[in-house]
Every structure is written in structure tokens, then in C-alpha cells.
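The file structure.cif comes next; it holds mmCIF, N, CA and C atoms.
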data_final
loop_
_atom_site.group_PDB
_atom_site.id
_atom_site.type_symbol
_atom_site.label_atom_id
_atom_site.label_comp_id
_atom_site.auth_asym_id
_atom_site.auth_seq_id
_atom_site.Cartn_x
_atom_site.Cartn_y
_atom_site.Cartn_z
ATOM 1 N N MET X 1 48.950 12.430 -54.027
ATOM 2 C CA MET X 1 48.103 12.528 -52.845
ATOM 3 C C MET X 1 47.111 11.368 -52.836
ATOM 4 N N ASN X 2 47.080 10.632 -51.739
ATOM 5 C CA ASN X 2 46.175 9.504 -51.609
ATOM 6 C C ASN X 2 44.774 9.986 -51.271
ATOM 7 N N ALA X 3 43.805 9.302 -51.833
ATOM 8 C CA ALA X 3 42.417 9.623 -51.548
ATOM 9 C C ALA X 3 42.027 9.029 -50.198
ATOM 10 N N THR X 4 41.081 9.667 -49.536
ATOM 11 C CA THR X 4 40.550 9.141 -48.283
ATOM 12 C C THR X 4 39.590 7.993 -48.611
ATOM 13 N N PRO X 5 39.249 7.185 -47.612
ATOM 14 C CA PRO X 5 38.259 6.125 -47.859
ATOM 15 C C PRO X 5 36.938 6.678 -48.407
ATOM 16 N N GLU X 6 36.530 7.830 -47.912
ATOM 17 C CA GLU X 6 35.287 8.436 -48.378
ATOM 18 C C GLU X 6 35.393 8.853 -49.849
ATOM 19 N N GLU X 7 36.546 9.394 -50.215
ATOM 20 C CA GLU X 7 36.754 9.784 -51.613
ATOM 21 C C GLU X 7 36.775 8.552 -52.515
ATOM 22 N N HIS X 8 37.411 7.489 -52.053
ATOM 23 C CA HIS X 8 37.407 6.254 -52.836
ATOM 24 C C HIS X 8 35.983 5.746 -53.044
ATOM 25 N N LEU X 9 35.190 5.781 -52.001
ATOM 26 C CA LEU X 9 33.803 5.309 -52.135
ATOM 27 C C LEU X 9 32.994 6.196 -53.070
ATOM 28 N N LYS X 10 33.253 7.485 -53.052
ATOM 29 C CA LYS X 10 32.566 8.403 -53.964
ATOM 30 C C LYS X 10 32.957 8.093 -55.415
ATOM 31 N N ILE X 11 34.239 7.856 -55.653
ATOM 32 C CA ILE X 11 34.714 7.487 -56.987
ATOM 33 C C ILE X 11 34.069 6.170 -57.404
ATOM 34 N N TRP X 12 34.070 5.197 -56.491
ATOM 35 C CA TRP X 12 33.483 3.890 -56.789
ATOM 36 C C TRP X 12 32.000 4.031 -57.152
ATOM 37 N N GLN X 13 31.285 4.869 -56.430
ATOM 38 C CA GLN X 13 29.862 5.060 -56.726
ATOM 39 C C GLN X 13 29.673 5.655 -58.119
ATOM 40 N N GLU X 14 30.531 6.590 -58.501
ATOM 41 C CA GLU X 14 30.446 7.184 -59.835
ATOM 42 C C GLU X 14 30.713 6.124 -60.911
ATOM 43 N N ILE X 15 31.703 5.272 -60.659
ATOM 44 C CA ILE X 15 32.000 4.194 -61.607
ATOM 45 C C ILE X 15 30.830 3.220 -61.676
ATOM 46 N N LEU X 16 30.297 2.837 -60.530
ATOM 47 C CA LEU X 16 29.148 1.919 -60.501
ATOM 48 C C LEU X 16 27.951 2.488 -61.241
ATOM 49 N N ASP X 17 27.656 3.758 -61.000
ATOM 50 C CA ASP X 17 26.530 4.402 -61.685
ATOM 51 C C ASP X 17 26.718 4.337 -63.198
ATOM 52 N N ALA X 18 27.944 4.575 -63.659
ATOM 53 C CA ALA X 18 28.220 4.507 -65.100
ATOM 54 C C ALA X 18 28.068 3.081 -65.610
ATOM 55 N N GLU X 19 28.542 2.110 -64.842
ATOM 56 C CA GLU X 19 28.398 0.701 -65.235
ATOM 57 C C GLU X 19 26.921 0.333 -65.365
ATOM 58 N N ILE X 20 26.127 0.777 -64.409
ATOM 59 C CA ILE X 20 24.707 0.421 -64.396
ATOM 60 C C ILE X 20 23.943 1.134 -65.506
ATOM 61 N N THR X 21 24.078 2.450 -65.590
ATOM 62 C CA THR X 21 23.263 3.216 -66.536
ATOM 63 C C THR X 21 23.650 2.966 -67.983
ATOM 64 N N SER X 22 24.910 2.584 -68.224
ATOM 65 C CA SER X 22 25.351 2.385 -69.607
ATOM 66 C C SER X 22 25.413 0.916 -70.003
ATOM 67 N N ASP X 23 25.011 0.031 -69.096
ATOM 68 C CA ASP X 23 25.144 -1.401 -69.339
ATOM 69 C C ASP X 23 26.610 -1.742 -69.626
ATOM 70 N N SER X 24 27.501 -1.148 -68.835
ATOM 71 C CA SER X 24 28.955 -1.368 -68.916
ATOM 72 C C SER X 24 29.553 -0.995 -70.262
ATOM 73 N N ASN X 25 29.047 0.080 -70.835
ATOM 74 C CA ASN X 25 29.569 0.574 -72.109
ATOM 75 C C ASN X 25 30.908 1.276 -71.862
ATOM 76 N N PRO X 26 31.991 0.754 -72.434
ATOM 77 C CA PRO X 26 33.305 1.376 -72.214
ATOM 78 C C PRO X 26 33.361 2.850 -72.612
ATOM 79 N N GLN X 27 32.577 3.258 -73.596
ATOM 80 C CA GLN X 27 32.587 4.661 -74.007
ATOM 81 C C GLN X 27 32.059 5.567 -72.905
ATOM 82 N N VAL X 28 31.277 5.010 -71.996
ATOM 83 C CA VAL X 28 30.759 5.778 -70.859
ATOM 84 C C VAL X 28 31.667 5.593 -69.639
ATOM 85 N N VAL X 29 32.124 4.377 -69.430
ATOM 86 C CA VAL X 29 32.906 4.056 -68.234
ATOM 87 C C VAL X 29 34.343 4.579 -68.321
ATOM 88 N N TYR X 30 34.986 4.457 -69.472
ATOM 89 C CA TYR X 30 36.395 4.827 -69.591
ATOM 90 C C TYR X 30 36.686 6.288 -69.271
ATOM 91 N N PRO X 31 35.851 7.241 -69.674
ATOM 92 C CA PRO X 31 36.161 8.628 -69.281
ATOM 93 C C PRO X 31 36.192 8.827 -67.765
ATOM 94 N N ILE X 32 35.368 8.092 -67.051
ATOM 95 C CA ILE X 32 35.376 8.194 -65.588
ATOM 96 C C ILE X 32 36.647 7.561 -65.038
ATOM 97 N N LEU X 33 37.019 6.407 -65.581
ATOM 98 C CA LEU X 33 38.258 5.771 -65.155
ATOM 99 C C LEU X 33 39.458 6.669 -65.445
ATOM 100 N N GLN X 34 39.422 7.334 -66.595
ATOM 101 C CA GLN X 34 40.525 8.217 -66.961
ATOM 102 C C GLN X 34 40.588 9.423 -66.013
ATOM 103 N N LYS X 35 39.440 9.928 -65.648
ATOM 104 C CA LYS X 35 39.367 11.073 -64.740
ATOM 105 C C LYS X 35 40.026 10.767 -63.389
ATOM 106 N N TYR X 36 39.877 9.515 -62.936
ATOM 107 C CA TYR X 36 40.391 9.130 -61.619
ATOM 108 C C TYR X 36 41.587 8.168 -61.699
ATOM 109 N N GLN X 37 42.230 8.067 -62.853
ATOM 110 C CA GLN X 37 43.263 7.055 -63.053
ATOM 111 C C GLN X 37 44.371 7.088 -62.001
ATOM 112 N N HIS X 38 44.685 8.239 -61.445
ATOM 113 C CA HIS X 38 45.765 8.325 -60.466
ATOM 114 C C HIS X 38 45.332 7.846 -59.080
ATOM 115 N N GLN X 39 44.051 7.639 -58.890
ATOM 116 C CA GLN X 39 43.556 7.162 -57.601
ATOM 117 C C GLN X 39 43.122 5.696 -57.659
ATOM 118 N N LEU X 40 43.216 5.094 -58.836
ATOM 119 C CA LEU X 40 42.850 3.688 -58.995
ATOM 120 C C LEU X 40 44.083 2.844 -58.691
ATOM 121 N N ASN X 41 44.238 2.502 -57.421
ATOM 122 C CA ASN X 41 45.423 1.802 -56.960
ATOM 123 C C ASN X 41 45.018 0.653 -56.047
ATOM 124 N N GLN X 42 45.985 0.047 -55.386
ATOM 125 C CA GLN X 42 45.687 -1.095 -54.520
ATOM 126 C C GLN X 42 44.803 -0.713 -53.343
ATOM 127 N N GLU X 43 44.976 0.483 -52.845
ATOM 128 C CA GLU X 43 44.110 0.945 -51.755
ATOM 129 C C GLU X 43 42.665 1.058 -52.234
ATOM 130 N N PHE X 44 42.488 1.553 -53.461
ATOM 131 C CA PHE X 44 41.151 1.628 -54.050
ATOM 132 C C PHE X 44 40.576 0.215 -54.198
ATOM 133 N N ALA X 45 41.394 -0.721 -54.661
ATOM 134 C CA ALA X 45 40.948 -2.109 -54.817
ATOM 135 C C ALA X 45 40.480 -2.672 -53.473
ATOM 136 N N HIS X 46 41.227 -2.378 -52.426
ATOM 137 C CA HIS X 46 40.859 -2.826 -51.083
ATOM 138 C C HIS X 46 39.504 -2.244 -50.668
ATOM 139 N N ARG X 47 39.299 -0.970 -50.945
ATOM 140 C CA ARG X 47 38.024 -0.325 -50.593
ATOM 141 C C ARG X 47 36.851 -0.941 -51.367
ATOM 142 N N VAL X 48 37.083 -1.245 -52.634
ATOM 143 C CA VAL X 48 36.026 -1.858 -53.447
ATOM 144 C C VAL X 48 35.653 -3.224 -52.870
ATOM 145 N N LYS X 49 36.658 -4.010 -52.501
ATOM 146 C CA LYS X 49 36.378 -5.324 -51.916
ATOM 147 C C LYS X 49 35.639 -5.185 -50.586
ATOM 148 N N GLN X 50 36.041 -4.215 -49.769
ATOM 149 C CA GLN X 50 35.337 -3.971 -48.502
ATOM 150 C C GLN X 50 33.891 -3.586 -48.766
ATOM 151 N N TRP X 51 33.691 -2.676 -49.727
ATOM 152 C CA TRP X 51 32.336 -2.240 -50.067
ATOM 153 C C TRP X 51 31.502 -3.433 -50.501
ATOM 154 N N PHE X 52 32.053 -4.242 -51.393
ATOM 155 C CA PHE X 52 31.327 -5.396 -51.907
ATOM 156 C C PHE X 52 30.913 -6.329 -50.774
ATOM 157 N N SER X 53 31.848 -6.656 -49.901
ATOM 158 C CA SER X 53 31.540 -7.547 -48.777
ATOM 159 C C SER X 53 30.454 -6.976 -47.886
ATOM 160 N N SER X 54 30.473 -5.667 -47.700
ATOM 161 C CA SER X 54 29.469 -5.031 -46.840
ATOM 162 C C SER X 54 28.080 -5.010 -47.479
ATOM 163 N N GLN X 55 28.018 -5.130 -48.792
ATOM 164 C CA GLN X 55 26.746 -5.065 -49.498
ATOM 165 C C GLN X 55 26.082 -6.432 -49.685
ATOM 166 N N LEU X 56 26.814 -7.514 -49.430
ATOM 167 C CA LEU X 56 26.250 -8.849 -49.613
ATOM 168 C C LEU X 56 25.160 -9.107 -48.586
ATOM 169 N N GLN X 57 24.103 -9.744 -49.056
ATOM 170 C CA GLN X 57 22.967 -10.075 -48.199
ATOM 171 C C GLN X 57 22.769 -11.589 -48.217
ATOM 172 N N PRO X 58 23.119 -12.270 -47.131
ATOM 173 C CA PRO X 58 23.072 -13.737 -47.105
ATOM 174 C C PRO X 58 21.708 -14.321 -47.502
ATOM 175 N N GLN X 59 20.657 -13.611 -47.223
ATOM 176 C CA GLN X 59 19.319 -14.123 -47.529
ATOM 177 C C GLN X 59 18.783 -13.664 -48.884
ATOM 178 N N ASN X 60 19.633 -13.013 -49.683
ATOM 179 C CA ASN X 60 19.179 -12.470 -50.962
ATOM 180 C C ASN X 60 20.184 -12.802 -52.076
ATOM 181 N N PRO X 61 20.181 -14.064 -52.535
ATOM 182 C CA PRO X 61 21.170 -14.462 -53.542
ATOM 183 C C PRO X 61 21.041 -13.716 -54.865
ATOM 184 N N SER X 62 19.845 -13.312 -55.251
ATOM 185 C CA SER X 62 19.714 -12.581 -56.526
ATOM 186 C C SER X 62 20.379 -11.206 -56.427
ATOM 187 N N HIS X 63 20.247 -10.548 -55.304
ATOM 188 C CA HIS X 63 20.930 -9.265 -55.070
ATOM 189 C C HIS X 63 22.445 -9.462 -55.148
ATOM 190 N N ASN X 64 22.922 -10.517 -54.505
ATOM 191 C CA ASN X 64 24.351 -10.794 -54.489
ATOM 192 C C ASN X 64 24.877 -11.103 -55.887
ATOM 193 N N ARG X 65 24.115 -11.845 -56.679
ATOM 194 C CA ARG X 65 24.531 -12.137 -58.054
ATOM 195 C C ARG X 65 24.574 -10.870 -58.895
ATOM 196 N N GLU X 66 23.623 -9.975 -58.678
ATOM 197 C CA GLU X 66 23.611 -8.704 -59.410
ATOM 198 C C GLU X 66 24.845 -7.871 -59.074
ATOM 199 N N LEU X 67 25.170 -7.783 -57.787
ATOM 200 C CA LEU X 67 26.373 -7.047 -57.374
ATOM 201 C C LEU X 67 27.635 -7.690 -57.938
ATOM 202 N N ALA X 68 27.704 -9.007 -57.878
ATOM 203 C CA ALA X 68 28.875 -9.715 -58.408
ATOM 204 C C ALA X 68 28.989 -9.488 -59.909
ATOM 205 N N GLY X 69 27.853 -9.430 -60.602
ATOM 206 C CA GLY X 69 27.866 -9.149 -62.035
ATOM 207 C C GLY X 69 28.409 -7.760 -62.332
ATOM 208 N N LEU X 70 28.031 -6.785 -61.522
ATOM 209 C CA LEU X 70 28.571 -5.430 -61.689
ATOM 210 C C LEU X 70 30.079 -5.412 -61.461
ATOM 211 N N LEU X 71 30.512 -6.121 -60.442
ATOM 212 C CA LEU X 71 31.940 -6.180 -60.158
ATOM 213 C C LEU X 71 32.689 -6.878 -61.289
ATOM 214 N N TYR X 72 32.105 -7.927 -61.817
ATOM 215 C CA TYR X 72 32.701 -8.649 -62.945
ATOM 216 C C TYR X 72 32.830 -7.726 -64.161
ATOM 217 N N ASN X 73 31.772 -6.963 -64.451
ATOM 218 C CA ASN X 73 31.823 -6.023 -65.583
ATOM 219 C C ASN X 73 32.879 -4.950 -65.360
ATOM 220 N N PHE X 74 32.989 -4.467 -64.127
ATOM 221 C CA PHE X 74 34.033 -3.502 -63.815
ATOM 222 C C PHE X 74 35.410 -4.119 -64.041
ATOM 223 N N ALA X 75 35.586 -5.374 -63.624
ATOM 224 C CA ALA X 75 36.875 -6.058 -63.803
ATOM 225 C C ALA X 75 37.256 -6.114 -65.277
ATOM 226 N N ILE X 76 36.309 -6.407 -66.117
ATOM 227 C CA ILE X 76 36.566 -6.447 -67.562
ATOM 228 C C ILE X 76 36.973 -5.061 -68.049
ATOM 229 N N ASP X 77 36.222 -4.047 -67.624
ATOM 230 C CA ASP X 77 36.514 -2.680 -68.074
ATOM 231 C C ASP X 77 37.886 -2.204 -67.606
ATOM 232 N N ILE X 78 38.219 -2.441 -66.350
ATOM 233 C CA ILE X 78 39.514 -1.952 -65.851
ATOM 234 C C ILE X 78 40.652 -2.769 -66.447
ATOM 235 N N TYR X 79 40.425 -4.033 -66.719
ATOM 236 C CA TYR X 79 41.446 -4.862 -67.368
ATOM 237 C C TYR X 79 41.771 -4.318 -68.761
ATOM 238 N N ASN X 80 40.749 -3.906 -69.486
ATOM 239 C CA ASN X 80 40.928 -3.419 -70.855
ATOM 240 C C ASN X 80 41.280 -1.937 -70.930
ATOM 241 N N PHE X 81 41.232 -1.242 -69.815
ATOM 242 C CA PHE X 81 41.519 0.196 -69.768
ATOM 243 C C PHE X 81 42.995 0.430 -70.030
ATOM 244 N N ARG X 82 43.325 1.267 -71.002
ATOM 245 C CA ARG X 82 44.709 1.437 -71.442
ATOM 246 C C ARG X 82 45.400 2.687 -70.899
ATOM 247 N N PHE X 83 44.782 3.350 -69.948
ATOM 248 C CA PHE X 83 45.399 4.527 -69.350
ATOM 249 C C PHE X 83 45.772 4.218 -67.914
ATOM 250 N N GLY X 84 46.511 5.123 -67.298
ATOM 251 C CA GLY X 84 46.914 4.914 -65.915
ATOM 252 C C GLY X 84 47.963 3.832 -65.799
ATOM 253 N N SER X 85 48.128 3.327 -64.618
ATOM 254 C CA SER X 85 49.123 2.292 -64.341
ATOM 255 C C SER X 85 48.573 0.927 -64.735
ATOM 256 N N ARG X 86 49.263 0.266 -65.645
ATOM 257 C CA ARG X 86 48.821 -1.076 -66.068
ATOM 258 C C ARG X 86 48.830 -2.032 -64.879
ATOM 259 N N ALA X 87 49.859 -1.923 -64.040
ATOM 260 C CA ALA X 87 49.940 -2.797 -62.862
ATOM 261 C C ALA X 87 48.753 -2.571 -61.926
ATOM 262 N N ASN X 88 48.405 -1.314 -61.673
ATOM 263 C CA ASN X 88 47.250 -1.023 -60.811
ATOM 264 C C ASN X 88 45.958 -1.510 -61.449
ATOM 265 N N ASN X 89 45.827 -1.324 -62.751
ATOM 266 C CA ASN X 89 44.619 -1.786 -63.441
ATOM 267 C C ASN X 89 44.473 -3.300 -63.306
ATOM 268 N N LEU X 90 45.569 -4.020 -63.466
ATOM 269 C CA LEU X 90 45.520 -5.480 -63.329
ATOM 270 C C LEU X 90 45.194 -5.890 -61.901
ATOM 271 N N GLU X 91 45.787 -5.198 -60.927
ATOM 272 C CA GLU X 91 45.487 -5.491 -59.527
ATOM 273 C C GLU X 91 44.007 -5.248 -59.216
ATOM 274 N N LEU X 92 43.471 -4.175 -59.768
ATOM 275 C CA LEU X 92 42.044 -3.890 -59.578
ATOM 276 C C LEU X 92 41.180 -4.968 -60.215
ATOM 277 N N ALA X 93 41.522 -5.378 -61.416
ATOM 278 C CA ALA X 93 40.754 -6.426 -62.101
ATOM 279 C C ALA X 93 40.794 -7.716 -61.292
ATOM 280 N N ILE X 94 41.967 -8.090 -60.811
ATOM 281 C CA ILE X 94 42.095 -9.315 -60.014
ATOM 282 C C ILE X 94 41.271 -9.219 -58.737
ATOM 283 N N ALA X 95 41.348 -8.089 -58.047
ATOM 284 C CA ALA X 95 40.586 -7.901 -56.809
ATOM 285 C C ALA X 95 39.088 -7.992 -57.079
ATOM 286 N N ALA X 96 38.642 -7.393 -58.176
ATOM 287 C CA ALA X 96 37.208 -7.435 -58.511
ATOM 288 C C ALA X 96 36.779 -8.854 -58.865
ATOM 289 N N TYR X 97 37.590 -9.559 -59.642
ATOM 290 C CA TYR X 97 37.273 -10.953 -59.964
ATOM 291 C C TYR X 97 37.209 -11.805 -58.698
ATOM 292 N N GLU X 98 38.187 -11.633 -57.806
ATOM 293 C CA GLU X 98 38.214 -12.404 -56.564
ATOM 294 C C GLU X 98 36.965 -12.137 -55.729
ATOM 295 N N ALA X 99 36.583 -10.882 -55.621
ATOM 296 C CA ALA X 99 35.393 -10.546 -54.838
ATOM 297 C C ALA X 99 34.146 -11.143 -55.477
ATOM 298 N N ALA X 100 34.028 -11.049 -56.784
ATOM 299 C CA ALA X 100 32.860 -11.614 -57.480
ATOM 300 C C ALA X 100 32.790 -13.124 -57.262
ATOM 301 N N LEU X 101 33.930 -13.770 -57.153
ATOM 302 C CA LEU X 101 33.953 -15.215 -56.936
ATOM 303 C C LEU X 101 33.395 -15.610 -55.568
ATOM 304 N N GLU X 102 33.281 -14.652 -54.658
ATOM 305 C CA GLU X 102 32.615 -14.946 -53.381
ATOM 306 C C GLU X 102 31.164 -15.350 -53.629
ATOM 307 N N VAL X 103 30.609 -14.869 -54.736
ATOM 308 C CA VAL X 103 29.221 -15.170 -55.089
ATOM 309 C C VAL X 103 29.155 -16.207 -56.200
ATOM 310 N N PHE X 104 29.972 -16.028 -57.223
ATOM 311 C CA PHE X 104 29.982 -16.938 -58.360
ATOM 312 C C PHE X 104 30.893 -18.121 -58.083
ATOM 313 N N THR X 105 30.365 -19.116 -57.433
ATOM 314 C CA THR X 105 31.120 -20.331 -57.160
ATOM 315 C C THR X 105 30.422 -21.492 -57.843
ATOM 316 N N ARG X 106 31.083 -22.634 -57.876
ATOM 317 C CA ARG X 106 30.465 -23.811 -58.510
ATOM 318 C C ARG X 106 29.244 -24.271 -57.760
#

What do you get writing this file as C-alpha cells?
Amino acid sequence: MNATPEEHLKIWQEILDAEITSDSNPQVVYPILQKYQHQLNQEFAHRVKQWFSSQLQPQNPSHNRELAGLLYNFAIDIYNFRFGSRANNLELAIAAYEAALEVFTR
């Protein structure tokens, strides 16, 4: 069963909260990823990229760098996550890296 956009955003918020409060500690983040592993797919990756783009503030580069840093940390965590679909995990990591690069450019 596919998650709705609202459910994806709720999952994403839970993951973000864990990334922030634990300073991206895999021992905190991985149980959440495992809980939702069947919903972490390309559609989820698309929603994360949409969310990220909607949160960027052209006049606030420090805010944008902070968000990109969170996305980068998530990319590392999902890349190293050994449960769920490896292909989906890699697609999520790539999508997160690509989105972060909207901010982290030369």
C-alpha cells in the first residue's frame, strides 16, 4: 500500500526530528527508518525533494545551508541503512544529495 503525500511528509518529519535531536546518530535514526522501510521509495524521495525546495528561503542562505546539511546527513544515513530495499535506499540517498547540491555549490 502506497503512502499518501501527507503520510510521507509525516514520516519525513519524524526522520528529520530524529536527525536534529540526535545529531544524526544512526542508533536513533535507523529504528525510524526500519519502522517505515516499506514506504521509503522513489515516491518518498520525490516528496522529500519537493519539501526541501518549498523550504528554501532565497534571502536566508544560513537557513538553506542548515536544511541542506540535514538532507546531507539523511543521505549518509539512508545510504548506510542495511534494511529495506537497497535500490530504494540508494535512490533516496541520490535524491537527497542532489537536493542538497541546490544549496551546496561551488

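Proximity of X:Ala45, X:Leu40, X:Gly69, X:Phe104 to X:Asn89, computed with only N, CA and C atoms, is greatest for X:Leu40.
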
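Shortest atom-to-atom contact with X:Ile94 among X:Trp51, X:His63, X:Tyr79, X:Asn2: X:Tyr79, counting all atoms listed in the file.
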
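Atom to atom, atom CA of X:Arg82 and atom CA of X:Asp17 stand 20.8 Å apart.
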
Quiz prompt | Which of chain X DSSP labels alpha helix (DSSP H), written as a ChimeraX atom specification | solution = /X:5-21,26-35,42-55,61-80,86-100

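Across the chains present, the PyMOL selection byres (((chain X and resi 10 and name CA) around 12) and name CA) applied to this file returns Ala3, Thr4, Pro5, Glu6, Glu7, His8, Leu9, Ile11, Trp12, Gln13, Glu14, Ile15, Leu16, Asp17, Ile32, Tyr36, Gln39, Phe44, Arg47, Val48 and Trp51 of chain X.
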
Quiz item: When the PyMOL selection byres ((chain X and resi 92) around 8) is applied to the file above, which residues end up in the set, as an MDAnalysis selection string?
Solution: chainID X and resid 40:42 44:46 74:76 78:79 86:91 93:98

For stretch 8-23 of chain X, I'd like the enclosing box, axis-aligned and padded by 3 Å on every side, reported as AutoDock Vina command-line options with centre and edge lengths in Å to one decimal.
--center_x 30.3 --center_y 3.3 --center_z -61.0 --size_x 20.1 --size_y 16.1 --size_z 24.0

Practice problem: Could you tell me which of X:Gln37, X:Ala18, X:Ala68, X:Gln59 comes closest to X:Ala100 if we count only C-alpha atoms? | Solution: X:Ala68
